[in-house]
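The structure under discussion appears below in the form of structure tokens.
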Amino acid sequence: MTDVELMKRMLRAVLAANKSGPGVSLSRLQSEYKALTGEQIPHKQMGHASLDTLLHSIPSVVHMERNRTGEMVCFASVSSETAHVAKLVARQRTSKKTGRPQMVNCQIRVKPAAPLILNGRVSLCPASIPTNFKENAVSGKPKPHHYPKDYNPSPGGNYNPQQVQGRIREVLNKYSNGFWVSKLPQLYRELYKQDLPSEAIKDLEHWTHICTVEKPCSSNPNELLLYPAKEPTQTQTPSPVPTRVQYPTSTAFTPSMDIKQKLGELLVKYSNGLWAHALPKLYLDTYKTKLPEHVLENLSLLSDFCTVDYPMPDNPKRAILYKRTREENHNRRESVEERRAREEVGSRLSTQTVPPLLIPREEYPSVLVGEAANTNGVILRYIGEGYSQAQEALEDKMREFYCCQDNNTRTRDKKSGTPLASLTSGQLAAVRTEEDEEILRAQVTEVMADKVKVYYVDHGFSEVISKANVFELHEKFFNLPFQATKCQLAGLEPFCQEPAVLKKFESMTSGKILLAEILERGQTSLVVLYDTSQDDDVNINAACIKSLQDKTLASPLQVNSAYMNVAVRSVCSDGTFYCQLPSRGLAKLTEILEKAEAYFHSQGTSEFLVSRPFCGKGCLARYKGKWSRVEITNLHGSRVLDILFIDLGVQSSVEVIELREVPPPFLWDLIAIPPQVVKCCLADLTVSGVGSWTPEAVQWFRDAVLNSTDCSVKIAKLDETKRSVAHVYLFPDKNFQDPARSLNRQMADAKVNSICNYMVQTLSKSVSAAGQNMDIYVSVACHPGHFVVQPWRDMYKLVVLMEEMILYYNKTEEKPLKGEKNQIYAAKVENNWHRVLVKGVLTNGLVSVYELDYGKYELVSGTQLRPLIQEFRLLPFQGITAQLAGVKLRQWSEEASILFRNHVEKKPLVAQLEAVQDAHHPWDRKLTVFLVDTSQEERDIWVHDIMAEFADELTKEV
């Protein structure tokens, strides 16, 4: 592989592995590339003066666009995978054949943050973090301290290859484009809280069924590349060498054919054997029914389709079951019962040798939707390696196997192309489609005179074809699971057969590749589907529910019309506001919610707690003491979530226990009423700044009209964008005849006072004295002269604090303020609230802030700053700046910085304090510490020794 091709492959991996959303900013691309490969993108070595020109020269790998803020963002171009998907979409058949197949953007959506995983910074469960630590040192060295309960350094010596193989397979599933072998130990430790056994590195090249190891540049082990195996197989538990022992045969019971078939399906997945005592739980988990007890007591009854071995002669219950091969079955003498059973199913090919379809491990798999008679049984197929790719490869082989060639050039069995003489319902077959002569796997569902109706098991639709096009399905085409599977759309259960819902669903999904969020895994998984081809993700489940709305109950909107008794419900920082206009829908909504209030009072609201929240779900929550309709917009885990009061335009964060399901008697009526709020902006008014008002102007506007029910509006024009906005003249009373009384005019002339600054309370110190040991977590590492540590003992307190900040700031109304340099605030960074220090205020409305608990610098909108209330100042700031002791101060090279970062960043370590440099502000304090990795059983690793040795090597080379 050339250097250029290697660079392209790694660049694709960076763009595909990005977890912060679709696209990687150009300014961040180098650091992301280096984090994966350990090297910069070598644009100069490839003849390009800048990275920008190199990227423009490889449009097949990357394309660039400017986002809304003007920043250049890099996206993965259509690769062989997406090209395959396009081909797959083109091959999709449906009896309705509606719409033209489309390719959509299948970028992975941002996974809502888990409750204790805050933007990937820490993932510590309070229950697993000790509240106190005992520090001890032997011979002057810190010894292993307390780590989370799930952090277990791998013991030396022997290891379990099967467990490691399974875990490496999971890692490769996350990085399907490959990665450096040198990165494997770090990834393994982060995912499994264990060190990768050193023996496993040596065994990688021999695990060809798991992975492929390449040496692209040299024999240097650090330059090896690791890829998933071409045809991955399931990791199996090795079977002990059996000692065959014969036990008495009991004929008191005979397993049914159904049980035998199901047991056969299970044994196919475990070709290296399955312990008999594991059967009951595995059977129950797979088929949701108990295995009859007599089966285990009479294992010899299973001998017609499996081999029973007894590795422990003194314990007949510890038996191992093996699926018989066809050759073994052929060489066995059949009993009368066996022959009768075989003849019973001989008229049709059974599906028992087809393995079940496994649900992808990834959070948001790509899917292709097929037919949907109702939303409780939507047919879909998974897209990707092991699924659509494997299916296409199988159909290519089938086409070659069954193709009509000249008899003289045939190299296959002539019988393979002979139509089946006898057909029965339920039989599996190979079918040549009449339209394009593709060869597909199908199951016979109805036999007619000269026609037969078949169901295409990999595509999920039925078709009536000629019997001449139905052939015997060769056994080698039984290995791939049937690709068509069923799912149920969450939230649509009561409306699963509504014509409006089905029509909307078909129009939004026909011929598209979508993303599926799997809420509940099973034979019919519960999912939420998303179309990510637009600027904003479209929740298809929610859109289908909205198709049931009665448009006659919407708020009336006509240009040049005036409305009185208008209530302004919320005012946003960009000057837009939401108001309620009198309408039939609002009157009906008020009446129904009052009835629901009485119903809850009589029934008890606890009976309607929301058990399975998901994005787009509609339910009820209290607003100012009354139940209101809400839609869940984001989940922060199992406890905290974001909601939108759809009839008020108010966003908030609540705990899930505050939500209630809509009572069944009122469900249909509430679904039919569209949101009773209109998004507006003041007409003919120019705002200051970039797309937002000054904090003073917003506060003045809120004080004037917020929650007033006596306002009036006159609609100037309607902005018919995808988010419809009404441009209005707003009046604080019912007199809308005098333009001078409008808030539009008053706002243009108003002069408001600035908001006072907030004083910062000095926080207490949280570090130990010099000479002591302290358990820490390194959140940021630039080089040995600058890194940020967090005291381990208070991490769970920080997790709780940030949850409380989400609940407080997302629930309360905005109180905008003008950020000032060197002042402390709360700031919203992505979906979380952080305690920050403002470092600078830019002219474009952005503010540079320093995260006081994590040591990171961020750019946020000035509208995302809030006062940091006293309650959130009690916990000392957790991010403490430090430098490494035991090394000389110097200008560290890029190579040394990378080495240091790989050893310490985002790891729990022990810090031995050498010196504490105090300061007036807690964020200006600095520690000088020795860092010790105590995760190894046999020895402690002192980081300063590694850095000193590296520096000496560089000096020798010079």
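Note on naming: chains are A, B, ... as they come in the structure tokens, residues start from 1 per chain, ligands start from 1 in the order shown.
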Compile the contact shell of Gly618 in chain A as a list in words: residues with an atom at most 7 Å away, counting only C-alpha atoms, same-chain residues fewer than 5 positions apart removed. Val630, Glu631 and Ile632 of chain A
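Between Ile379 in chain A and the candidates A:Val640, A:Val610, A:Val527, A:Ile320, the tightest atom-to-atom separation, counting only C-alpha atoms, involves A:Val527.
Taking CA of Ile545 in chain A as the reference point, CA of Leu644 in chain A is found at 16.2 Å.
The closest residue to Trp180 in chain A, picked from A:Leu196, A:Val431, A:Ala827, A:Met10 and counting only C-alpha atoms, is A:Met10.
Residues lying within 10 Å of Ser712 in chain A, counting only C-alpha atoms and ignoring same-chain neighbours fewer than 2 positions away, are A:Ala562, A:Tyr563, A:Met564, A:Asn565, A:Val566, A:Ala567, A:Val568, A:Leu581, A:Thr709, A:Asp710, A:Lys714, A:Val728, A:Tyr729, A:Leu730, A:Phe731, A:Pro732, A:Asp733, A:Lys734, A:Asn735, A:Phe736, A:Ser742.
Separating CA of Arg612 in chain A from CA of Glu363 in chain A is a distance of 16.9 Å.
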Using only C-alpha atoms, what table do you get, as CSV, when you list each residue of range 772-835 of chain A with an atom no more than 12 Å from range 886-889 of chain A, its nearest pair of atoms, and their distance in Å rounded to one decimal, rows by chain then rising number?
residue,atom,partner,partner_atom,distance
A:His783,CA,A:Leu889,CA,10.9
A:Pro784,CA,A:Val887,CA,8.4
A:Gly785,CA,A:Leu889,CA,7.1
A:His786,CA,A:Leu889,CA,10.8
CA of Thr307 in chain A sits from CA of Leu321 in chain A at a separation of 5.7 Å
Do you know which residues are at most 10 Å from Leu865 in chain A counting only C-alpha atoms, after dropping those on the same chain fewer than 4 positions away, and could you put them as a PyMOL selection string? chain A and resi 814-819+824-829+833-836+838+847+849+860-861
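Closest approach to Ala911 in chain A among A:Gly855, A:Val800, A:Ser893, A:Asn773: A:Asn773, based on only C-alpha atoms.
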So which residues of range 415-625 of chain A fall under strand (DSSP E) by DSSP, listed as an NGL selection string? :A and (428-432 or 439-447 or 451-456 or 461-466 or 470-472 or 485-489 or 513-520 or 524-531 or 538-539 or 562-571 or 577-580 or 618-623)
Which of range 333-581 of chain A DSSP labels helix (DSSP H, G or I), written as a ChimeraX atom specification: /A:336-346,388-402,407-409,414-417,467-469,475-477,493-495,499-509,540-546,551-553
